[in-house]
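Text of the file run.cif, holding mmCIF, C-alpha atoms:
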data_run
#
loop_
_atom_site.label_atom_id
_atom_site.label_comp_id
_atom_site.auth_asym_id
_atom_site.auth_seq_id
_atom_site.Cartn_x
_atom_site.Cartn_y
_atom_site.Cartn_z
CA MET A 408 199.66 170.06 161.74
CA THR A 409 196.99 172.54 161.78
CA ARG A 410 193.57 171.38 160.55
CA LYS A 411 192.08 173.41 157.78
CA ARG A 412 189.02 175.02 159.15
CA GLY A 413 185.77 174.95 157.21
CA ARG A 414 183.93 178.08 156.13
CA PRO A 415 181.78 179.22 159.01
CA PRO A 416 178.01 179.17 158.39
CA PRO A 417 176.53 182.51 157.44
CA PRO A 418 174.63 184.51 159.98
CA GLU A 419 170.85 184.02 160.21
CA SER A 420 170.18 187.33 158.55
CA ASP A 421 172.30 186.38 155.59
CA ARG A 422 170.49 183.07 155.25
CA ARG A 423 167.20 184.91 155.17
CA SER A 424 168.57 187.31 152.58
CA SER A 425 169.73 184.45 150.40
CA THR A 426 166.36 182.78 150.66
CA VAL A 427 164.63 186.00 149.61
CA LYS A 428 167.00 186.41 146.66
CA ALA A 429 166.43 182.85 145.54
CA SER A 430 162.69 183.26 145.87
CA SER A 431 162.84 186.60 144.08
CA SER A 432 164.91 185.07 141.31
CA SER A 433 162.40 182.26 140.89
CA SER A 434 159.45 184.68 140.93
CA SER A 435 161.16 186.92 138.39
CA SER A 436 161.67 183.94 136.13
CA ASN A 437 158.00 183.01 136.38
CA LYS A 438 156.96 186.60 135.64
CA ASN A 439 159.12 186.66 132.54
CA LYS A 440 157.50 183.45 131.36
CA ASN A 441 154.04 184.92 132.00
CA ASN A 442 154.98 188.13 130.18
CA ARG A 443 156.13 186.14 127.19
CA ARG A 444 152.85 184.25 127.23
CA ASN A 445 150.91 187.54 127.49
CA ILE A 446 152.74 188.90 124.46
CA LEU A 447 152.61 185.73 122.38
CA LEU A 448 148.91 185.05 122.93
CA PRO A 449 147.60 188.30 121.33
CA LEU A 450 150.13 187.91 118.52
CA LEU A 451 148.86 184.41 117.91
CA ILE A 452 145.25 185.60 117.88
CA ILE A 453 146.08 188.46 115.47
CA PHE A 454 147.93 186.02 113.24
CA ILE A 455 144.88 183.72 113.13
CA VAL A 456 142.23 186.42 112.52
CA SER A 457 144.42 188.87 110.59
CA PRO A 458 142.71 188.41 107.21
CA ALA A 459 139.36 189.49 108.66
CA ALA A 460 140.95 192.26 110.73
CA ILE A 461 142.85 193.60 107.77
CA SER A 462 139.72 193.48 105.59
CA ILE A 463 137.69 195.48 108.13
CA TYR A 464 140.49 197.99 108.52
CA LEU A 465 140.86 198.48 104.79
CA TYR A 466 137.08 198.76 104.34
CA ARG A 467 136.96 201.55 106.89
CA ILE A 468 139.80 203.39 105.22
CA LEU A 469 138.40 203.02 101.72
CA TYR A 470 134.68 203.41 102.25
CA ALA A 471 133.90 205.14 105.52
CA PRO A 472 134.87 208.61 104.21
CA GLU A 473 132.63 208.04 101.19
CA THR A 474 129.69 206.95 103.34
CA ASP A 475 130.03 210.09 105.46
CA LEU A 476 130.61 212.39 102.49
CA SER A 477 127.06 213.70 102.23
CA GLN A 478 126.87 214.19 106.00
CA ARG A 479 130.08 216.22 106.01
CA LEU A 480 128.93 218.49 103.19
CA VAL A 481 125.26 218.97 104.09
CA LYS A 482 125.87 222.30 105.79
CA THR A 483 125.48 226.04 105.29
CA ASP A 484 129.18 226.94 105.57
CA ILE A 485 130.47 224.86 102.67
CA SER A 486 133.56 226.27 100.92
CA TYR A 487 134.60 226.31 97.29
CA GLN A 488 137.67 224.22 98.23
CA GLU A 489 135.45 221.48 99.65
CA ILE A 490 133.30 221.41 96.53
CA LEU A 491 136.31 221.25 94.20
CA SER A 492 137.92 218.43 96.17
CA GLU A 493 134.79 216.38 96.98
CA ASN A 494 132.37 216.78 94.05
CA GLY A 495 133.70 213.84 92.05
CA LYS A 496 133.84 211.35 94.90
CA VAL A 497 131.29 208.60 94.67
CA SER A 498 130.74 205.70 97.03
CA GLU A 499 131.44 202.26 95.63
CA ASN A 500 128.16 201.21 97.22
CA ALA A 501 126.13 203.08 94.64
CA SER A 502 123.14 200.77 94.96
CA GLY A 503 121.94 201.86 98.41
CA ARG A 504 118.97 204.24 98.46
CA ASN A 505 118.62 207.09 100.96
CA PHE A 506 115.43 208.52 99.45
CA PRO A 507 112.71 205.84 99.59
CA ASN A 508 110.13 207.40 97.23
CA PRO A 509 110.06 207.16 93.40
CA VAL A 510 112.81 208.98 91.49
CA LEU A 511 112.33 210.07 87.86
CA ALA A 512 115.56 211.08 86.13
CA TYR A 513 115.69 212.95 82.84
CA VAL A 514 118.62 212.51 80.44
CA THR A 515 119.26 214.48 77.25
CA PRO A 516 120.96 213.40 74.01
CA TRP A 517 123.15 216.53 74.01
CA ASN A 518 124.67 215.68 77.40
CA SER A 519 126.31 212.26 77.40
CA LYS A 520 127.11 212.42 81.12
CA GLY A 521 123.45 211.82 81.88
CA TYR A 522 123.58 208.47 80.09
CA GLU A 523 126.60 207.46 82.19
CA MET A 524 124.99 208.54 85.45
CA ALA A 525 121.79 206.63 84.61
CA LYS A 526 123.78 203.42 84.23
CA LYS A 527 125.98 204.03 87.27
CA PHE A 528 123.14 204.90 89.64
CA ASN A 529 120.38 202.85 88.06
CA SER A 530 119.40 201.26 91.37
CA LYS A 531 118.71 204.70 92.89
CA LEU A 532 116.26 205.52 90.07
CA THR A 533 112.78 204.13 89.50
CA HIS A 534 111.99 205.91 86.21
CA ILE A 535 114.36 207.16 83.51
CA SER A 536 113.14 209.53 80.81
CA PRO A 537 115.46 210.15 77.84
CA VAL A 538 114.46 213.32 75.99
CA TRP A 539 114.07 211.77 72.53
CA TYR A 540 110.79 212.58 70.76
CA ASP A 541 108.69 215.40 69.33
CA LEU A 542 105.24 214.92 67.80
CA LYS A 543 104.72 217.44 65.01
CA SER A 544 102.15 218.45 62.43
CA GLN A 545 103.11 217.69 58.84
CA GLY A 546 100.40 219.03 56.59
CA VAL A 547 97.25 217.13 57.52
CA LYS A 548 99.27 214.36 59.12
CA PHE A 549 101.20 213.90 62.34
CA VAL A 550 104.73 212.54 62.63
CA LEU A 551 106.69 211.30 65.61
CA GLU A 552 110.28 212.47 65.23
CA GLY A 553 113.24 211.31 67.29
CA ARG A 554 113.77 207.62 66.73
CA HIS A 555 117.32 208.40 65.60
CA ASN A 556 118.03 209.42 69.23
CA VAL A 557 117.09 206.01 70.64
CA ASP A 558 120.05 204.08 72.04
CA LYS A 559 119.02 200.44 72.32
CA GLY A 560 122.41 199.35 73.67
CA TRP A 561 122.09 201.82 76.53
CA MET A 562 118.55 200.62 77.24
CA SER A 563 119.80 197.03 77.36
CA ASP A 564 122.58 198.01 79.79
CA LEU A 565 120.05 199.74 82.04
CA ARG A 566 117.81 196.70 82.19
CA MET A 567 120.73 194.41 82.97
CA LYS A 568 121.84 196.64 85.86
CA GLY A 569 118.48 197.45 87.46
CA HIS A 570 114.72 197.72 87.27
CA ALA A 571 114.15 201.39 86.39
CA LEU A 572 111.37 201.93 83.86
CA ILE A 573 112.37 203.59 80.59
CA LEU A 574 109.83 206.20 79.49
CA PRO A 575 111.07 208.57 76.79
CA ARG A 576 109.71 212.10 76.82
CA ILE A 577 107.45 213.16 73.96
CA VAL A 578 106.74 216.86 73.44
CA LEU A 579 103.47 217.58 71.59
CA GLU A 580 104.52 220.31 69.20
CA ALA A 581 101.64 219.61 66.82
CA ILE A 582 99.27 222.54 66.30
CA PRO A 583 96.69 222.06 69.09
CA MET A 584 93.69 223.08 66.98
CA ASP A 585 94.57 220.42 64.39
CA LEU A 586 95.06 217.74 67.03
CA LEU A 587 92.30 218.36 69.55
CA LYS A 588 89.28 219.29 67.45
CA GLU A 589 88.92 216.06 65.49
CA LYS A 590 88.35 212.72 67.19
CA LYS A 591 90.00 210.75 64.37
CA LYS A 592 93.16 212.82 64.60
CA ARG A 593 93.34 212.37 68.38
CA ALA A 594 92.96 208.61 67.87
CA LYS A 595 95.69 208.63 65.20
CA VAL A 596 98.16 210.33 67.54
CA ILE A 597 97.37 207.84 70.30
CA GLN A 598 98.01 204.98 67.86
CA LEU A 599 101.34 206.52 66.82
CA ILE A 600 102.54 206.74 70.42
CA ILE A 601 101.48 203.23 71.40
CA ALA A 602 102.96 201.71 68.23
CA GLU A 603 106.32 203.35 68.99
CA CYS A 604 106.28 202.06 72.57
CA LYS A 605 105.60 198.52 71.39
CA GLU A 606 108.14 198.53 68.58
CA MET A 607 110.92 200.14 70.62
CA ASN A 608 110.18 198.18 73.79
CA PHE A 609 109.49 201.21 76.02
CA ASP A 610 107.73 200.96 79.39
CA GLY A 611 105.61 204.01 78.58
CA ILE A 612 106.18 207.72 77.97
CA VAL A 613 106.50 211.08 79.68
CA LEU A 614 104.20 213.49 77.83
CA GLU A 615 104.70 217.26 77.75
CA SER A 616 101.94 219.35 76.22
CA TRP A 617 100.29 221.60 78.80
CA SER A 618 102.79 224.48 78.50
CA ARG A 619 102.52 224.31 74.67
CA TRP A 620 98.75 224.42 74.81
CA ALA A 621 98.90 227.37 77.22
CA ALA A 622 101.26 229.22 74.85
CA TYR A 623 98.80 228.69 71.97
CA GLY A 624 95.97 230.09 74.10
CA VAL A 625 93.90 226.89 73.86
CA LEU A 626 93.43 226.57 77.60
CA HIS A 627 91.61 229.91 77.82
CA ASP A 628 88.69 228.35 75.95
CA PRO A 629 86.67 226.05 78.28
CA HIS A 630 85.63 223.77 75.41
CA MET A 631 89.18 223.37 74.09
CA ARG A 632 90.49 222.91 77.61
CA ASN A 633 88.05 220.07 78.15
CA LEU A 634 89.11 218.46 74.84
CA ALA A 635 92.74 218.69 75.99
CA LEU A 636 91.93 216.86 79.22
CA GLN A 637 89.90 214.25 77.33
CA PHE A 638 92.85 213.59 75.01
CA ILE A 639 95.17 212.93 77.97
CA LYS A 640 92.56 210.68 79.56
CA LYS A 641 92.02 208.66 76.36
CA LEU A 642 95.76 208.32 75.84
CA GLY A 643 96.28 206.99 79.37
CA GLN A 644 93.41 204.54 79.09
CA ALA A 645 94.67 203.24 75.75
CA MET A 646 98.21 202.82 77.10
CA HIS A 647 96.98 200.92 80.15
CA SER A 648 95.30 198.41 77.86
CA VAL A 649 98.62 197.50 76.20
CA VAL A 650 101.16 195.23 77.90
CA VAL A 651 104.90 195.57 77.19
CA ASN A 652 107.60 193.92 79.31
CA GLU A 653 104.91 192.12 81.31
CA ARG A 654 103.20 195.30 82.50
CA SER A 655 100.83 197.96 81.18
CA LEU A 656 102.35 200.97 79.48
CA GLN A 657 102.66 203.93 81.84
CA LEU A 658 101.86 207.59 81.25
CA ILE A 659 103.58 210.34 83.22
CA TYR A 660 102.33 213.84 82.47
CA VAL A 661 104.41 217.01 82.80
CA ILE A 662 102.76 219.92 84.64
CA GLY A 663 104.02 223.39 85.44
CA PRO A 664 103.64 225.11 88.81
CA PRO A 665 101.03 227.87 89.29
CA ARG A 666 102.78 231.24 89.49
CA SER A 667 100.31 232.97 91.80
CA ASP A 668 98.06 232.08 94.71
CA ARG A 669 95.03 232.33 92.44
CA LEU A 670 94.65 229.62 89.81
CA HIS A 671 94.02 230.75 86.24
CA GLU A 672 92.36 228.76 83.47
CA TYR A 673 95.75 227.99 81.93
CA ASP A 674 97.09 226.54 85.21
CA PHE A 675 96.97 222.83 85.91
CA GLY A 676 95.13 222.69 89.21
CA PRO A 677 93.96 220.20 91.84
CA GLN A 678 90.72 219.45 90.00
CA ASP A 679 92.67 218.53 86.87
CA LEU A 680 94.95 216.37 88.99
CA GLN A 681 91.97 214.50 90.35
CA SER A 682 90.05 214.19 87.07
CA LEU A 683 93.02 212.48 85.35
CA SER A 684 94.11 210.37 88.32
CA ASP A 685 92.83 207.07 86.88
CA ALA A 686 94.41 207.63 83.46
CA VAL A 687 97.74 209.12 84.51
CA ASP A 688 100.38 207.16 86.47
CA GLY A 689 102.38 210.16 87.60
CA TYR A 690 102.85 213.91 87.28
CA SER A 691 106.26 215.46 86.67
CA LEU A 692 105.95 218.80 88.45
CA MET A 693 108.40 221.46 87.23
CA THR A 694 109.19 223.22 90.51
CA TYR A 695 112.24 225.06 89.20
CA ASP A 696 113.04 228.02 86.91
CA PHE A 697 111.57 230.40 89.48
CA SER A 698 113.98 233.16 88.42
CA ASN A 699 115.15 234.43 85.03
CA PRO A 700 117.68 236.89 83.59
CA GLN A 701 115.21 239.76 83.94
CA ASN A 702 114.57 238.83 87.57
CA PRO A 703 117.76 237.14 88.85
CA GLY A 704 117.56 235.04 91.96
CA PRO A 705 117.23 231.48 93.31
CA ASN A 706 116.25 228.50 91.17
CA ALA A 707 113.49 227.12 93.40
CA PRO A 708 112.84 228.87 96.74
CA LEU A 709 111.74 226.27 99.26
CA LYS A 710 108.75 228.32 100.45
CA TRP A 711 107.53 228.56 96.88
CA VAL A 712 107.94 224.80 96.40
CA HIS A 713 105.90 224.24 99.58
CA PHE A 714 103.24 226.68 98.38
CA VAL A 715 102.88 224.83 95.05
CA MET A 716 102.51 221.49 96.82
CA GLN A 717 99.94 222.96 99.17
CA LEU A 718 97.97 224.42 96.28
CA LEU A 719 97.87 221.09 94.44
CA LEU A 720 97.39 218.66 97.31
CA ALA A 721 96.01 220.39 100.39
CA ASP A 722 92.33 219.78 99.61
CA GLY A 723 92.66 216.65 97.48
CA PRO A 724 92.72 212.94 98.33
CA HIS A 725 95.90 211.84 100.06
CA ASN A 726 96.57 209.09 97.50
CA LEU A 727 97.17 211.69 94.78
CA SER A 728 100.45 212.67 96.45
CA GLN A 729 101.91 209.29 95.51
CA LYS A 730 101.63 210.27 91.85
CA ILE A 731 103.60 213.51 92.13
CA PHE A 732 107.26 213.73 91.11
CA LEU A 733 108.48 216.98 92.73
CA GLY A 734 110.89 218.73 90.37
CA ILE A 735 114.49 219.23 91.53
CA ASN A 736 117.05 220.99 89.34
CA PHE A 737 120.58 219.64 89.00
CA TYR A 738 121.58 222.73 86.99
CA GLY A 739 122.15 226.28 88.18
CA ASN A 740 122.03 229.84 86.89
CA ASP A 741 124.66 232.50 86.35
CA PHE A 742 122.85 235.84 86.12
CA VAL A 743 124.09 239.37 85.44
CA LEU A 744 122.92 241.46 88.38
CA LYS A 745 122.17 244.66 86.48
CA GLY A 746 120.74 244.95 83.01
CA GLY A 747 119.72 241.33 82.58
CA GLY A 748 121.61 238.54 80.90
CA GLY A 749 123.06 235.20 81.80
CA GLY A 750 121.36 231.84 82.08
CA ALA A 751 121.67 228.18 82.94
CA ILE A 752 124.99 226.55 83.83
CA LEU A 753 125.96 222.90 84.21
CA GLY A 754 128.16 221.27 86.82
CA ARG A 755 131.35 221.67 84.78
CA ASP A 756 130.62 225.40 84.29
CA TYR A 757 130.08 225.81 88.01
CA LEU A 758 133.39 224.13 88.87
CA SER A 759 135.21 226.35 86.37
CA LEU A 760 133.75 229.45 88.03
CA LEU A 761 134.83 228.20 91.47
CA GLU A 762 138.37 227.54 90.25
CA LYS A 763 138.66 230.91 88.56
CA HIS A 764 137.05 233.23 91.14
CA LYS A 765 137.57 231.31 94.43
CA PRO A 766 134.42 232.87 95.85
CA GLU A 767 132.91 232.82 99.31
CA LEU A 768 129.71 230.79 99.17
CA LYS A 769 126.75 232.24 101.02
CA TRP A 770 123.56 230.63 102.27
CA ASP A 771 120.32 232.40 101.39
CA LYS A 772 118.07 231.79 104.40
CA LYS A 773 114.91 232.75 102.52
CA SER A 774 115.25 230.49 99.49
CA LYS A 775 117.39 227.82 101.24
CA GLU A 776 119.95 227.87 98.42
CA HIS A 777 123.68 228.55 98.17
CA PHE A 778 124.98 231.34 95.94
CA PHE A 779 128.05 233.46 95.31
CA LEU A 780 128.94 236.75 93.65
CA TYR A 781 131.76 237.52 91.26
CA SER A 782 132.83 240.28 88.87
CA THR A 783 134.22 239.91 85.37
CA ASP A 784 137.33 241.70 84.11
CA ASP A 785 135.14 244.54 82.85
CA ASN A 786 133.49 244.88 86.30
CA VAL A 787 130.16 243.28 85.44
CA GLU A 788 128.66 241.77 88.59
CA HIS A 789 127.20 238.26 88.47
CA VAL A 790 125.26 236.12 90.92
CA VAL A 791 125.43 232.32 90.70
CA PHE A 792 122.85 229.99 92.22
CA TYR A 793 123.72 226.31 91.97
CA PRO A 794 122.49 223.28 93.97
CA SER A 795 124.46 222.16 97.01
CA PRO A 796 124.15 219.02 99.14
CA LEU A 797 122.19 221.00 101.72
CA SER A 798 119.76 222.61 99.25
CA ILE A 799 119.05 219.22 97.66
CA GLU A 800 118.63 217.49 101.02
CA MET A 801 116.11 220.12 102.13
CA ARG A 802 114.05 219.58 98.97
CA LEU A 803 114.20 215.84 99.48
CA GLY A 804 112.90 216.51 102.98
CA GLU A 805 110.02 218.52 101.51
CA ALA A 806 109.20 215.62 99.19
CA ARG A 807 109.27 213.18 102.13
CA SER A 808 106.92 215.36 104.14
CA TRP A 809 104.30 215.20 101.36
CA GLY A 810 104.92 211.55 100.55
CA VAL A 811 105.83 212.38 96.93
CA GLY A 812 108.59 211.28 94.59
CA ILE A 813 111.05 213.54 92.79
CA SER A 814 111.90 214.29 89.16
CA ILE A 815 115.41 215.52 88.34
CA TRP A 816 116.19 217.84 85.44
CA GLU A 817 118.59 216.54 84.48
CA ILE A 818 121.07 214.11 85.98
CA GLY A 819 123.91 214.88 83.55
CA GLN A 820 123.93 218.54 84.63
CA GLY A 821 124.69 217.85 88.29
CA LEU A 822 127.77 216.88 90.28
CA ASP A 823 128.52 213.27 91.14
CA TYR A 824 128.26 213.66 94.90
CA PHE A 825 124.59 214.67 94.61
CA PHE A 826 123.81 210.98 94.14
CA HIS A 827 124.86 210.19 97.73
CA LEU A 828 121.62 211.84 98.82
CA LEU A 829 119.28 209.82 96.59
#
Please go through the file and, once you have read it, give me the structure as structure tokens.
Amino acid sequence: MTRKRGRPPPPESDRRSSTVKASSSSSSSNKNKNNRRNILLPLLIIFIVSPAAISIYLYRILYAPETDLSQRLVKTDISYQEILSENGKVSENASGRNFPNPVLAYVTPWNSKGYEMAKKFNSKLTHISPVWYDLKSQGVKFVLEGRHNVDKGWMSDLRMKGHALILPRIVLEAIPMDLLKEKKKRAKVIQLIIAECKEMNFDGIVLESWSRWAAYGVLHDPHMRNLALQFIKKLGQAMHSVVVNERSLQLIYVIGPPRSDRLHEYDFGPQDLQSLSDAVDGYSLMTYDFSNPQNPGPNAPLKWVHFVMQLLLADGPHNLSQKIFLGINFYGNDFVLKGGGGGAILGRDYLSLLEKHKPELKWDKKSKEHFFLYSTDDNVEHVVFYPSPLSIEMRLGEARSWGVGISIWEIGQGLDYFFHLL
């Protein structure tokens, strides 16, 4: 009987091959395990930290574009499409300030948007001046008109949201001769103003009178001019002696810019600035309205703004600069190029013109302002100058260079994205 033979042993080369395959199989298995660990570990980490990661991701999506908005639009080659799509975007972080100096914001009763902006951006503002009062002559007496404009609920909201001082504007429309010549009458007017501040819980006032006095011709007379300055000084001193809301009442005085390089007697000059410095807490300088329908052009050429600042501050004490609020317009102008005509426009008017005419915006290198041209259906040519992020930023830069604050006329007339710059 034949014995069944066993399977012969494999050749040496085959044994080596088998060993390699076994080793390879084992190594492959280990690699797979390591790969699974490499995949699972990051997934586990993401799972653990995902709430924070997701929050950061969402924050970047929601807020980073808003934070960069002003940077993207502060440029010469801005388009009407960009303005139409971006003008209403406002960062949720409305409290952060980019301009460190004082900011005085005017609001008007005939433009409710200003009231909304004052509440929304309260933390960016240091002084808020609602345009509420006129002081008028009434026979031999004087009356302060405008209390019906006062909105106490709005004032309360402002004080709950921030620390901006509320100083309503008072325009002195009283006949200057009646007011300034008699000491008793000057004292009566001062009493009227202080009594209103105390009763209505104001932090002070913004007073406008110089342009009215110039129009009446009072400032051409040296004696009357001196009486005018003495009235402002007495008013400031009296207000500083009264405490409301745990601080002395403040007086901010409105001054117009000189129109030529030689000061006239009706101009408010550096000597006036210095003589009233102890009595006045600030000066609202109206560096706008450079052009008009008879002479169409930019609202406030930057060289002119610099010239005005130089005229007022170049030879005076440095500390006076801290009392200046450099005027910046949030409105624009739509002028007829030939024959005169046209006038001021608000933000909503500007947007309507952009939507209708789809113009090419141009940068005026001399004035540092944006403008565009358009024609009406009857071929009347217009030029429109309106603030842009770049024009505002350059004026803020001018204010920084002098160490002065700014005053805005007026915040309801501008576009929402202007506030990114403040």
If the PyMOL selection byres ((chain A and resi 603) around 12) is run on the structure shown, which residues does it catch, given as JSON, numbers by chain?
{"A": [539, 540, 542, 550, 551, 552, 553, 554, 557, 574, 575, 577, 596, 597, 598, 599, 600, 601, 602, 604, 605, 606, 607, 608, 609, 610, 611, 612, 646, 651, 656]}
List, as a compact mmCIF listing (two decimals) with C-alpha atoms, in the coordinates of the input, every residue that the PyMOL selection byres ((chain A and resi 737) around 9) selects in the file provided.
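The new file out17.txt reads:
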# COMPACT_ATOMS: atom_id res chain seq x y z
CA ILE A 735 114.49 219.23 91.53
CA ASN A 736 117.05 220.99 89.34
CA TYR A 738 121.58 222.73 86.99
CA GLY A 739 122.15 226.28 88.18
CA LEU A 753 125.96 222.90 84.21
CA GLY A 754 128.16 221.27 86.82
CA TYR A 793 123.72 226.31 91.97
CA PRO A 794 122.49 223.28 93.97
CA ILE A 799 119.05 219.22 97.66
CA ILE A 815 115.41 215.52 88.34
CA TRP A 816 116.19 217.84 85.44
CA GLU A 817 118.59 216.54 84.48
CA ILE A 818 121.07 214.11 85.98
CA GLY A 819 123.91 214.88 83.55
CA GLN A 820 123.93 218.54 84.63
CA GLY A 821 124.69 217.85 88.29
CA LEU A 822 127.77 216.88 90.28
CA PHE A 825 124.59 214.67 94.61
Carefully work through the PyMOL selection byres ((chain A and resi 779) around 12) for this structure and note down the residues it includes, as a ChimeraX atom specification.
/A:485-487,704-705,739-742,744,757,760-761,764-771,776-778,780-782,788-795
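Compared by their closest atoms to Val661 of chain A, and using all atoms listed in the file, the residues A:Arg576, A:His713, A:Lys640, A:Arg807 rank with A:Arg576 nearest.
When all atoms listed in the file are used to compute distances to Ala571 of chain A, the closest of the residues A:Phe549, A:Tyr690, A:Phe528, A:Trp809 turns out to be A:Phe528.
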For a cut-off of 12 Å around (92.6, 216.4, 78.0), file coordinates, pick out all residues using only C-alpha atoms and list them as number ranges by chain.
A: 583, 586-588, 593, 614, 616-617, 620, 625-626, 629-644, 660, 675, 679-680, 682-683, 686-687
Here is a test: counting only C-alpha atoms, which residue of A:Gln657, A:Asn494, A:Thr694, A:Ser648 is nearest to Ser536 of chain A?
A:Gln657
Pick from A:Thr483, A:Ser691, A:Asn556, A:Ser808 nearest to Thr515 of chain A, counting only C-alpha atoms:
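That would be A:Asn556, the residue with the smallest distance to Thr515 of chain A.
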